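A.B. asks: The following file, data10.txt, comprises compact mmCIF, C-alpha atoms:
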# COMPACT_ATOMS: atom_id res chain seq x y z
CA MET A 24 25.50 -2.40 -37.54
CA ARG A 25 24.26 -2.63 -33.95
CA TYR A 26 26.85 -0.02 -32.94
CA LEU A 27 25.74 2.24 -35.75
CA ILE A 28 22.11 2.01 -34.64
CA SER A 29 23.11 2.72 -31.02
CA LEU A 30 25.17 5.71 -32.14
CA LEU A 31 22.31 7.07 -34.23
CA PHE A 32 19.95 6.56 -31.29
CA VAL A 33 22.26 8.45 -28.93
CA LEU A 34 22.74 11.22 -31.48
CA GLY A 35 18.97 11.41 -31.95
CA ILE A 36 18.37 11.69 -28.21
CA SER A 37 21.04 14.41 -27.91
CA THR A 38 19.47 16.33 -30.78
CA ILE A 39 16.04 16.10 -29.15
CA ALA A 40 17.46 17.20 -25.80
CA TYR A 41 19.33 20.09 -27.44
CA SER A 42 16.33 21.26 -29.47
CA GLN A 43 14.14 21.09 -26.36
CA SER A 44 16.51 23.39 -24.48
CA ASP A 45 16.71 25.59 -27.58
CA ILE A 46 19.92 27.27 -26.37
CA SER A 47 23.48 26.05 -26.41
CA PRO A 48 24.81 24.21 -23.32
CA GLU A 49 27.14 27.17 -22.60
CA ARG A 50 24.24 29.63 -22.53
CA LYS A 51 22.14 27.23 -20.45
CA GLN A 52 24.96 26.92 -17.92
CA ALA A 53 25.13 30.70 -17.59
CA VAL A 54 21.35 30.80 -16.98
CA ASP A 55 21.64 28.02 -14.37
CA SER A 56 24.36 29.99 -12.56
CA LEU A 57 22.34 33.20 -12.76
CA ALA A 58 19.32 31.54 -11.11
CA LEU A 59 21.52 30.02 -8.37
CA GLU A 60 23.02 33.45 -7.76
CA LYS A 61 19.54 34.94 -7.26
CA VAL A 62 18.88 32.33 -4.57
CA ARG A 63 22.20 33.18 -2.90
CA ASP A 64 21.22 36.87 -3.05
CA LEU A 65 17.92 36.02 -1.32
CA SER A 66 19.83 34.12 1.34
CA LYS A 67 21.84 37.26 2.14
CA TYR A 68 18.75 39.47 2.11
CA ILE A 69 16.99 37.11 4.54
CA SER A 70 19.92 37.18 6.94
CA ILE A 71 19.99 41.02 6.79
CA ILE A 72 16.23 41.31 7.36
CA GLY A 73 16.34 38.84 10.27
CA ASP A 74 19.40 40.46 11.86
CA LYS A 75 18.29 42.51 14.88
CA GLU A 76 21.19 44.91 14.35
CA THR A 77 19.89 45.98 10.95
CA PRO A 78 18.28 49.43 11.27
CA PHE A 79 14.54 49.46 10.62
CA SER A 80 14.80 51.66 7.50
CA GLU A 81 17.55 49.46 6.08
CA ALA A 82 15.54 46.30 6.71
CA ASN A 83 12.59 47.84 4.88
CA ARG A 84 14.79 48.82 1.95
CA VAL A 85 16.20 45.30 1.79
CA ILE A 86 12.68 43.85 1.93
CA GLU A 87 11.82 45.86 -1.19
CA ARG A 88 14.92 44.51 -2.94
CA ALA A 89 14.16 40.96 -1.87
CA LEU A 90 10.57 41.28 -3.10
CA GLU A 91 11.90 42.10 -6.57
CA LEU A 92 13.31 38.57 -6.72
CA PHE A 93 9.86 36.94 -6.50
CA SER A 94 7.06 36.43 -8.95
CA GLU A 95 3.74 37.90 -7.87
CA GLY A 96 1.65 35.82 -5.49
CA SER A 97 4.53 33.61 -4.34
CA GLN A 98 4.38 32.09 -0.88
CA ILE A 99 6.98 31.02 1.66
CA GLY A 100 6.48 28.12 4.04
CA VAL A 101 7.29 28.41 7.75
CA SER A 102 7.80 25.40 9.98
CA SER A 103 8.72 24.84 13.59
CA LEU A 104 9.92 21.90 15.67
CA SER A 105 7.03 22.40 18.08
CA ASN A 106 4.31 22.38 15.45
CA LYS A 107 3.88 19.88 12.63
CA GLU A 108 1.78 22.28 10.61
CA ILE A 109 3.57 24.27 7.90
CA LYS A 110 2.14 27.74 7.49
CA TYR A 111 2.41 29.57 4.17
CA TYR A 112 2.69 33.35 3.97
CA GLY A 113 2.81 35.83 1.14
CA VAL A 114 6.44 36.97 0.61
CA ARG A 115 6.02 40.47 2.09
CA LYS A 116 4.16 39.09 5.09
CA TYR A 117 6.95 36.52 5.59
CA PHE A 118 9.66 39.20 5.57
CA GLU A 119 7.71 41.41 7.98
CA HIS A 120 7.21 38.42 10.24
CA LEU A 121 10.93 37.64 10.03
CA MET A 122 11.84 41.22 10.92
CA ALA A 123 9.60 41.16 13.99
CA LEU A 124 10.70 37.82 15.48
CA ASN A 125 10.77 37.91 19.26
CA TYR A 126 14.47 37.25 19.85
CA ASP A 127 17.34 39.54 20.81
CA LYS A 128 19.53 38.06 18.13
CA VAL A 129 18.72 36.01 15.04
CA LYS A 130 21.19 34.14 12.84
CA ILE A 131 20.03 32.66 9.55
CA ASP A 132 22.36 30.77 7.22
CA TRP A 133 21.58 29.03 3.97
CA PHE A 134 23.83 26.25 2.75
CA LYS A 135 23.94 23.40 0.23
CA ILE A 136 22.20 25.52 -2.39
CA GLU A 137 21.75 23.29 -5.45
CA TYR A 138 19.34 22.20 -8.16
CA ILE A 139 17.12 19.22 -7.43
CA SER A 140 15.28 19.70 -10.68
CA ASP A 141 17.14 21.27 -13.60
CA LEU A 142 15.74 24.23 -15.46
CA GLU A 143 13.57 22.73 -18.22
CA ARG A 144 12.02 24.60 -21.10
CA GLN A 145 8.21 24.66 -20.94
CA PRO A 146 5.88 24.82 -23.95
CA ASP A 147 5.38 28.57 -23.31
CA GLY A 148 9.14 29.12 -23.66
CA LYS A 149 9.80 29.76 -19.96
CA TYR A 150 12.29 27.65 -18.04
CA VAL A 151 11.23 26.15 -14.74
CA GLY A 152 13.40 24.38 -12.18
CA VAL A 153 13.65 23.70 -8.46
CA ILE A 154 16.55 24.66 -6.22
CA THR A 155 16.88 23.17 -2.78
CA ILE A 156 18.50 24.88 0.19
CA TYR A 157 19.12 24.09 3.82
CA GLN A 158 18.42 26.86 6.33
CA ARG A 159 19.89 26.92 9.80
CA PHE A 160 17.97 29.23 12.11
CA GLU A 161 19.23 30.31 15.51
CA GLY A 162 17.24 32.54 17.86
CA TYR A 163 18.95 34.02 20.93
CA SER A 164 17.49 35.77 23.98
CA LYS A 165 19.94 37.53 26.31
CA ASP A 166 22.82 35.83 24.49
CA LYS A 167 21.35 32.37 25.16
CA LEU A 168 20.38 30.12 22.29
CA LYS A 169 16.61 29.69 22.69
CA TYR A 170 15.65 27.99 19.47
CA VAL A 171 17.52 26.27 16.69
CA ASP A 172 16.39 24.24 13.71
CA THR A 173 17.47 23.25 10.22
CA THR A 174 14.95 23.32 7.42
CA LYS A 175 15.20 21.90 3.96
CA LYS A 176 13.35 24.11 1.49
CA ASP A 177 12.51 23.78 -2.20
CA ILE A 178 12.40 26.95 -4.26
CA THR A 179 10.70 26.99 -7.65
CA VAL A 180 12.59 29.11 -10.16
CA TYR A 181 11.17 30.66 -13.32
CA VAL A 182 13.41 32.02 -16.06
CA GLU A 183 12.13 33.89 -19.07
CA ARG A 184 13.97 35.48 -21.97
CA LYS A 185 12.88 39.11 -22.43
CA GLU A 186 13.94 42.17 -24.37
CA THR A 187 14.04 45.82 -23.48
CA GLN A 188 15.33 48.97 -25.13
CA ILE A 189 18.13 50.84 -23.37
CA GLY A 190 20.10 53.73 -24.83
CA GLY A 191 18.50 53.15 -28.23
CA ARG A 192 19.46 49.50 -28.49
CA MET A 193 17.64 46.25 -27.76
CA ILE A 194 18.94 44.29 -24.80
CA GLY A 195 18.08 40.60 -24.51
CA PHE A 196 18.05 39.51 -20.87
CA TRP A 197 17.09 36.56 -18.68
CA ASP A 198 14.41 37.47 -16.20
CA VAL A 199 14.86 35.16 -13.22
CA LEU A 200 12.00 35.07 -10.71
CA LEU A 201 11.57 32.92 -7.65
CA GLY A 202 8.25 31.23 -6.95
CA ASP A 203 6.95 29.40 -3.88
CA ILE A 204 9.38 28.25 -1.20
CA ARG A 205 8.09 24.97 0.21
CA VAL A 206 9.34 23.35 3.40
CA SER A 207 10.20 19.71 2.88
CA GLN A 208 11.95 18.81 6.17
CA THR A 209 12.52 20.36 9.57
CA TYR A 210 14.89 18.94 12.17
CA ARG A 211 17.07 19.97 15.07
CA MET B 1 -30.23 -0.30 -102.30
CA ALA B 2 -26.52 -1.33 -102.15
CA CYS B 3 -25.61 1.85 -103.98
CA LYS B 4 -27.52 3.95 -101.48
CA GLN B 5 -25.74 2.19 -98.56
CA PHE B 6 -22.37 2.78 -100.21
CA LYS B 7 -23.14 6.47 -100.68
CA PHE B 8 -24.19 6.83 -97.05
CA SER B 9 -20.97 5.11 -95.73
CA TYR B 10 -18.81 7.24 -97.99
CA PHE B 11 -20.53 10.34 -96.73
CA ALA B 12 -20.12 9.31 -93.08
CA VAL B 13 -16.39 8.60 -93.48
CA PHE B 14 -15.91 11.95 -95.16
CA PHE B 15 -17.83 13.72 -92.44
CA LEU B 16 -15.84 12.01 -89.63
CA SER B 17 -12.54 12.86 -91.38
CA VAL B 18 -13.49 16.49 -91.48
CA ILE B 19 -14.30 16.45 -87.72
CA VAL B 20 -10.97 14.72 -86.88
CA LEU B 21 -9.01 17.15 -89.01
CA PHE B 22 -10.67 20.13 -87.37
CA SER B 23 -10.11 18.82 -83.84
CA LEU B 24 -6.44 18.03 -84.57
CA ASP B 25 -6.02 21.53 -85.81
CA GLY B 26 -7.79 22.79 -82.65
CA CYS B 27 -5.34 20.87 -80.41
CA LYS B 28 -2.45 22.25 -82.33
CA SER B 29 -3.79 25.77 -81.87
CA GLN B 30 -4.33 25.23 -78.14
CA LYS B 31 -0.77 23.93 -77.67
CA LYS B 32 0.55 26.80 -79.69
CA LEU B 33 -1.45 29.25 -77.59
CA ALA B 34 -0.13 27.73 -74.36
CA ALA B 35 3.43 27.86 -75.67
CA GLU B 36 2.95 31.49 -76.65
CA ARG B 37 1.55 32.30 -73.22
CA GLU B 38 4.49 30.55 -71.55
CA ALA B 39 6.96 32.39 -73.71
CA ALA B 40 5.28 35.70 -72.92
CA ALA B 41 5.38 34.93 -69.17
CA LYS B 42 9.05 34.00 -69.42
CA ALA B 43 9.75 37.21 -71.31
CA ARG B 44 7.98 39.20 -68.60
CA GLN B 45 10.02 37.37 -65.92
CA ILE B 46 13.25 38.13 -67.79
CA SER B 47 12.29 41.74 -68.23
CA LYS B 48 11.38 42.10 -64.53
CA ALA B 49 14.56 40.34 -63.49
CA LYS B 50 16.63 42.71 -65.63
CA ASN B 51 14.89 45.72 -64.08
CA ASP B 52 15.34 44.35 -60.55
CA LEU B 53 19.02 43.61 -61.17
CA LYS B 54 19.60 47.09 -62.62
CA SER B 55 17.84 48.59 -59.59
CA LEU B 56 20.13 46.58 -57.31
CA LEU B 57 23.18 47.93 -59.12
CA ALA B 58 21.92 51.48 -58.62
CA ASP B 59 20.74 50.89 -55.02
CA ASN B 60 22.76 52.84 -52.43
CA THR B 61 20.49 52.34 -49.44
CA SER B 62 19.91 48.60 -48.98
CA THR B 63 22.36 46.45 -47.04
CA PRO B 64 24.43 43.81 -48.90
CA GLU B 65 22.33 41.11 -47.16
CA GLU B 66 19.09 42.66 -48.41
CA LYS B 67 20.50 42.87 -51.92
CA GLU B 68 21.67 39.28 -51.70
CA ARG B 69 18.17 38.12 -50.78
CA VAL B 70 16.73 39.74 -53.94
CA LEU B 71 19.61 38.34 -56.00
CA ASN B 72 19.05 34.83 -54.70
CA ARG B 73 15.35 35.06 -55.55
CA ILE B 74 16.22 36.00 -59.14
CA LYS B 75 18.89 33.29 -59.37
CA SER B 76 16.40 30.66 -58.20
CA MET B 77 14.25 31.38 -61.28
CA ASN B 78 17.03 29.89 -63.48
CA LEU B 79 16.33 32.31 -66.31
CA GLU B 80 18.21 31.48 -69.49
CA ASP B 81 19.10 34.89 -70.76
CA SER B 82 22.60 36.15 -71.40
CA GLU B 83 21.91 39.70 -70.23
CA VAL B 84 20.26 38.47 -67.03
CA GLN B 85 23.31 36.27 -66.40
CA ARG B 86 25.66 39.19 -67.01
CA LEU B 87 23.69 41.40 -64.60
CA ILE B 88 23.64 38.61 -61.99
CA ASN B 89 27.44 38.39 -62.20
CA GLU B 90 27.75 42.16 -61.77
CA VAL B 91 25.42 42.21 -58.75
CA GLU B 92 27.22 39.23 -57.19
CA LEU B 93 30.51 41.06 -57.49
CA MET B 94 29.02 44.25 -56.05
CA VAL B 95 27.42 42.42 -53.08
CA ALA B 96 30.71 40.64 -52.31
CA GLU B 97 32.60 43.95 -52.36
CA GLU B 98 29.97 45.66 -50.20
CA LYS B 99 30.03 42.78 -47.70
CA GLU B 100 33.79 43.03 -47.45
CA ALA B 101 33.57 46.78 -46.93
CA ALA B 102 30.87 46.37 -44.26
CA LEU B 103 33.00 43.82 -42.42
CA ALA B 104 36.02 46.11 -42.55
CA GLU B 105 33.89 48.99 -41.25
CA LYS B 106 32.54 46.83 -38.41
CA GLU B 107 36.06 45.83 -37.43
CA ARG B 108 37.18 49.45 -37.61
CA LYS B 109 34.32 50.51 -35.34
CA LEU B 110 35.14 47.73 -32.85
CA ARG B 111 38.78 48.82 -32.79
CA GLU B 112 37.71 52.44 -32.35
CA GLU B 113 35.32 51.50 -29.53
CA GLU B 114 38.04 49.47 -27.80
CA ARG B 115 40.48 52.39 -28.12
CA ARG B 116 37.91 54.81 -26.68
CA ARG B 117 37.12 52.42 -23.82
CA LYS B 118 40.80 52.13 -22.95
CA GLU B 119 41.17 55.90 -23.07
CA GLN B 120 38.22 56.28 -20.72
CA GLU B 121 39.67 53.70 -18.36
CA ASP B 122 43.05 55.44 -18.41
CA MET B 123 41.37 58.78 -17.84
CA LEU B 124 39.47 57.36 -14.87
CA ARG B 125 42.58 55.82 -13.38
CA LYS B 126 44.91 58.76 -14.06
CA ASP B 127 43.96 61.06 -11.21
CA SER B 128 44.84 59.06 -8.16
CA LYS B 129 43.30 61.67 -5.84
CA ALA B 130 39.81 61.34 -7.28
CA PRO B 131 38.28 57.94 -6.59
CA THR B 132 36.95 56.22 -9.68
CA VAL B 133 33.98 54.00 -10.15
CA TYR B 134 36.41 51.06 -9.87
CA ASP B 135 37.56 52.26 -6.46
CA PHE B 136 34.03 52.82 -5.23
CA PHE B 137 32.90 49.31 -6.12
CA ASP B 138 35.75 47.79 -4.12
CA GLN B 139 35.30 50.19 -1.22
CA ILE B 140 31.54 49.64 -0.97
CA VAL B 141 31.95 45.86 -0.94
CA GLY B 142 34.57 46.16 1.80
CA ALA B 143 32.83 48.90 3.83
CA GLY B 144 32.97 48.14 7.55
CA ASN B 145 29.54 49.45 8.44
CA ASN B 146 26.30 50.68 7.00
CA ASP B 147 27.00 54.40 7.38
CA SER B 148 30.36 54.34 5.66
CA ALA B 149 28.89 52.21 2.86
CA ASN B 150 26.08 54.76 2.43
CA ASP B 151 28.60 57.66 2.31
CA LEU B 152 30.57 55.82 -0.36
CA ILE B 153 27.37 55.20 -2.34
CA ASP B 154 26.49 58.92 -2.19
CA ASN B 155 29.97 59.85 -3.42
CA ALA B 156 29.92 57.23 -6.16
CA LEU B 157 26.54 58.45 -7.40
CA ASP B 158 28.17 61.84 -8.13
CA LEU B 159 30.03 60.18 -10.99
CA PHE B 160 26.74 59.32 -12.71
CA SER B 161 24.28 61.48 -14.60
CA SER B 162 21.44 60.22 -12.40
CA ASN B 163 20.62 57.60 -9.78
CA ASP B 164 18.69 55.78 -12.49
CA THR B 165 21.67 55.43 -14.84
CA PRO B 166 21.27 51.98 -16.40
CA VAL B 167 23.62 49.19 -15.40
CA LEU B 168 23.76 46.25 -17.80
CA ILE B 169 25.38 43.00 -16.73
CA ILE B 170 26.50 40.52 -19.38
CA VAL B 171 26.10 36.98 -18.06
CA SER B 172 27.22 35.22 -21.22
CA GLU B 173 28.14 36.05 -24.76
CA GLY B 174 29.11 34.03 -27.77
CA ASP B 175 28.85 33.83 -31.50
CA GLY B 176 26.00 36.17 -32.38
CA TYR B 177 24.45 36.56 -28.94
CA THR B 178 24.85 38.57 -25.76
CA ASP B 179 22.80 37.59 -22.73
CA TYR B 180 22.27 40.08 -19.94
CA ASP B 181 20.93 39.84 -16.42
CA LYS B 182 17.80 41.94 -15.82
CA PRO B 183 18.92 45.58 -16.28
CA THR B 184 19.20 47.56 -13.07
CA THR B 185 20.06 51.12 -12.04
CA ILE B 186 23.31 52.39 -10.54
CA GLN B 187 21.66 53.20 -7.20
CA LYS B 188 20.29 49.67 -6.92
CA TYR B 189 23.57 48.16 -8.06
CA LEU B 190 25.62 50.08 -5.48
CA ASN B 191 23.20 49.00 -2.76
CA TYR B 192 23.46 45.45 -4.08
CA LEU B 193 27.24 45.60 -3.57
CA LYS B 194 26.69 46.93 -0.06
CA ASP B 195 24.11 44.24 0.85
CA GLN B 196 25.72 41.25 -0.79
CA LYS B 197 29.33 42.20 -0.03
CA LYS B 198 30.42 40.59 -3.28
CA ASP B 199 31.35 41.96 -6.67
CA LEU B 200 30.97 39.28 -9.31
CA ASN B 201 31.40 41.65 -12.23
CA GLU B 202 34.06 43.66 -13.97
CA ILE B 203 33.55 46.85 -15.95
CA LYS B 204 33.28 46.25 -19.68
CA ASN B 205 32.17 49.60 -20.99
CA ILE B 206 31.40 53.08 -19.69
CA LYS B 207 29.48 55.74 -21.60
CA PHE B 208 29.83 59.38 -20.63
CA ASN B 209 27.81 62.48 -21.47
CA ASP B 210 29.34 65.82 -22.49
CA TYR B 211 29.72 66.79 -18.83
CA GLY B 212 31.85 63.74 -18.03
CA LYS B 213 29.06 61.99 -16.13
CA ILE B 214 28.42 58.30 -16.69
CA ILE B 215 25.20 57.65 -18.60
CA GLU B 216 25.52 53.88 -19.01
CA LEU B 217 27.60 51.22 -17.34
CA GLU B 218 28.14 47.83 -18.88
CA LEU B 219 29.52 45.09 -16.66
CA LYS B 220 30.49 41.51 -17.34
CA ARG B 221 30.68 38.43 -15.14
CA LYS B 222 34.30 37.87 -14.05
The structure in this file should be written as structure tokens.

C.D. replies:
Amino acid sequence: MRYLISLLFVLGISTIAYSQSDISPERKQAVDSLALEKVRDLSKYISIIGDKETPFSEANRVIERALELFSEGSQIGVSSLSNKEIKYYGVRKYFEHLMALNYDKVKIDWFKIEYISDLERQPDGKYVGVITIYQRFEGYSKDKLKYVDTTKKDITVYVERKETQIGGRMIGFWDVLLGDIRVSQTYR
Amino acid sequence: MACKQFKFSYFAVFFLSVIVLFSLDGCKSQKKLAAEREAAAKARQISKAKNDLKSLLADNTSTPEEKERVLNRIKSMNLEDSEVQRLINEVELMVAEEKEAALAEKERKLREEERRRKEQEDMLRKDSKAPTVYDFFDQIVGAGNNDSANDLIDNALDLFSSNDTPVLIIVSEGDGYTDYDKPTTIQKYLNYLKDQKKDLNEIKNIKFNDYGKIIELELKRK
């Protein structure tokens, strides 16, 4: 009898969890991967924008593409080893700042990109989660490494199911948008 | 005095009996009226059901599912009428046949679409001299520098009806659903391949216009 009650309890919890997510685990997994992929895309865009060898027009084009990944009004935190204060910039301002950094060569790599808070369905139907990344920044002047740090950042991710008409048929798609990027740790 | 009292009691009993008799008769009439009303309502329901069922049998425009919904509504009334029952059986048979035909048609269309897609793929691959959209995707991802990637993008765009040709990317699909990534355009997608240097998708479907230009590209996660 005790086993039966435990089983029913577990089944009940699973049902609640499933109904809260409202989509099958397979679909949810695809959405999780899609959101992670958007963060990886941003990582590449940031390294292109920061790269001093990227032509100015190309960097501007990539900025426009990167901006499409963010929800309006999002901010990105900037930290430094020499200053405890974390400054927050609007996304465009951050990219422009990144493009104009006073180094001869800049290398930016993102690694350990993973969820720290799974995408959860909110009462308004949107899914919200947090993805954490580690960023290694290297700034060179005359081929000498002048500054290096590693920053742990938390990126809020919003996913919303939308529909649009293309070629006379309705297309249901997941609109993934990135929100604020908050700095949680900075170290050498 | 006793005689007077007797007369009065007799009269009262008689009077009460008359009232009781009349009210009993009144109840009977009310019940009868209600029964008649119920019977009339039932008759109207049966008549309407017959008309609806006959309309369903003659209906050439509604889908089998739409017809089934009407049929189920009529069946839920549980009307006890032999003609209604006969018509229900006829409609049930018709809906089942129409459903089967619709399914066969859907399968035929899928097969036809698959055949057309394969033909298009073969056609695109046939001429080895002319690079195809498949070739361009690979070449753009592997381009050594920005200029060569841009040249490849310009050449690839010639295969499309416009730079804004929609590109749809299926991220997952299953029983009764297809989930896409946010739709993009071919120009943006080709630049995405150049920037990201990765191609996570394979071509699922290509739609052409009468001039052989691509008007829609459907991709799917590998």

A.B. asks: What lies within 10 Å of Ser140 (chain A) using only C-alpha atoms, ignoring chain neighbours under 3 positions off, as a list of chain:residue names?

C.D. replies: A:Glu137, A:Glu143, A:Val151, A:Gly152, A:Val153, A:Ile154, A:Thr155, A:Asp177, A:Thr179, A:Val180

A.B. asks: Using only C-alpha atoms, select each residue of chain A with any atom at most 8 Å away from an atom of chain B, and give the selection as a PyMOL selection string.

C.D. replies: chain A and resi 50+53-54+57+64+67-68+71+189-190+194-199

A.B. asks: Could you work out an axis-aligned box for region 33-46 of chain B, taking every atom the file lists and adding 4 Å on each side, and report centre and edge lengths in Å to one decimal, as AutoDock Vina command-line options?

C.D. replies:
--center_x 5.9 --center_y 33.5 --center_z -71.8 --size_x 22.7 --size_y 19.5 --size_z 19.7

A.B. asks: For Arg69 (chain B), which of B:Gln85, B:Leu190, B:Ala101, B:Asp52 is the closest residue, counting only C-alpha atoms?

C.D. replies: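 Closest to Arg69 (chain B), using only C-alpha atoms: B:Asp52.
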
A.B. asks: Write out as number ranges by chain each polymer residue whose atoms come within 12 Å of Lys135 (chain A), counting all atoms listed in the file; drop sequence neighbours fewer than 4 positions from it.

C.D. replies: A: 59, 62-63, 66, 139, 154-159, 173-177

A.B. asks: In Å to one decimal, how far is CA of Glu218 (chain B) from CA of Lys185 (chain A)?

C.D. replies: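 Spanning CA of Lys185 (chain A) to CA of Glu218 (chain B) is a straight-line distance of 17.9 Å.
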
A.B. asks: Which residue gives the smallest distance to Gly100 (chain A) among A:Ile204, A:Ile86, A:Met193, A:Leu65, with only C-alpha atoms counted?

C.D. replies: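 Of the candidates, the smallest distance to Gly100 (chain A) is held by A:Ile204.
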
A.B. asks: If you measure from CA of Leu124 (chain A) to CA of Gly73 (chain A), what distance in Å do you get, rounded to one decimal?

C.D. replies: 7.7 Å

A.B. asks: What gap, in Å, lies between CA of Tyr181 (chain A) and CA of Tyr150 (chain A)?

C.D. replies: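 Going from CA of Tyr181 (chain A) over to CA of Tyr150 (chain A) covers 5.7 Å.
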
A.B. asks: Here is a test: counting only C-alpha atoms, which residue of A:Phe118, A:Tyr112, A:Phe79, A:Tyr126 is nearest to Ser164 (chain A)?

C.D. replies: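 For Ser164 (chain A), the nearest of the given residues is A:Tyr126.
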
A.B. asks: Of the candidates B:Ile46, B:Leu53, B:Ala34, B:Leu159, which shows the shortest atom-to-atom distance to Asn78 (chain B), using all atoms listed in the file?

C.D. replies: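 Using all atoms listed in the file, Asn78 (chain B) sits closest to B:Ile46.
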
A.B. asks: Rank A:Glu76, A:Glu119, A:Glu108, A:Glu183 by their smallest atom-to-atom distance to Leu90 (chain A), using only C-alpha atoms, and report the top residue only.

C.D. replies: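 Of all the options, A:Glu119 lies closest to Leu90 (chain A).
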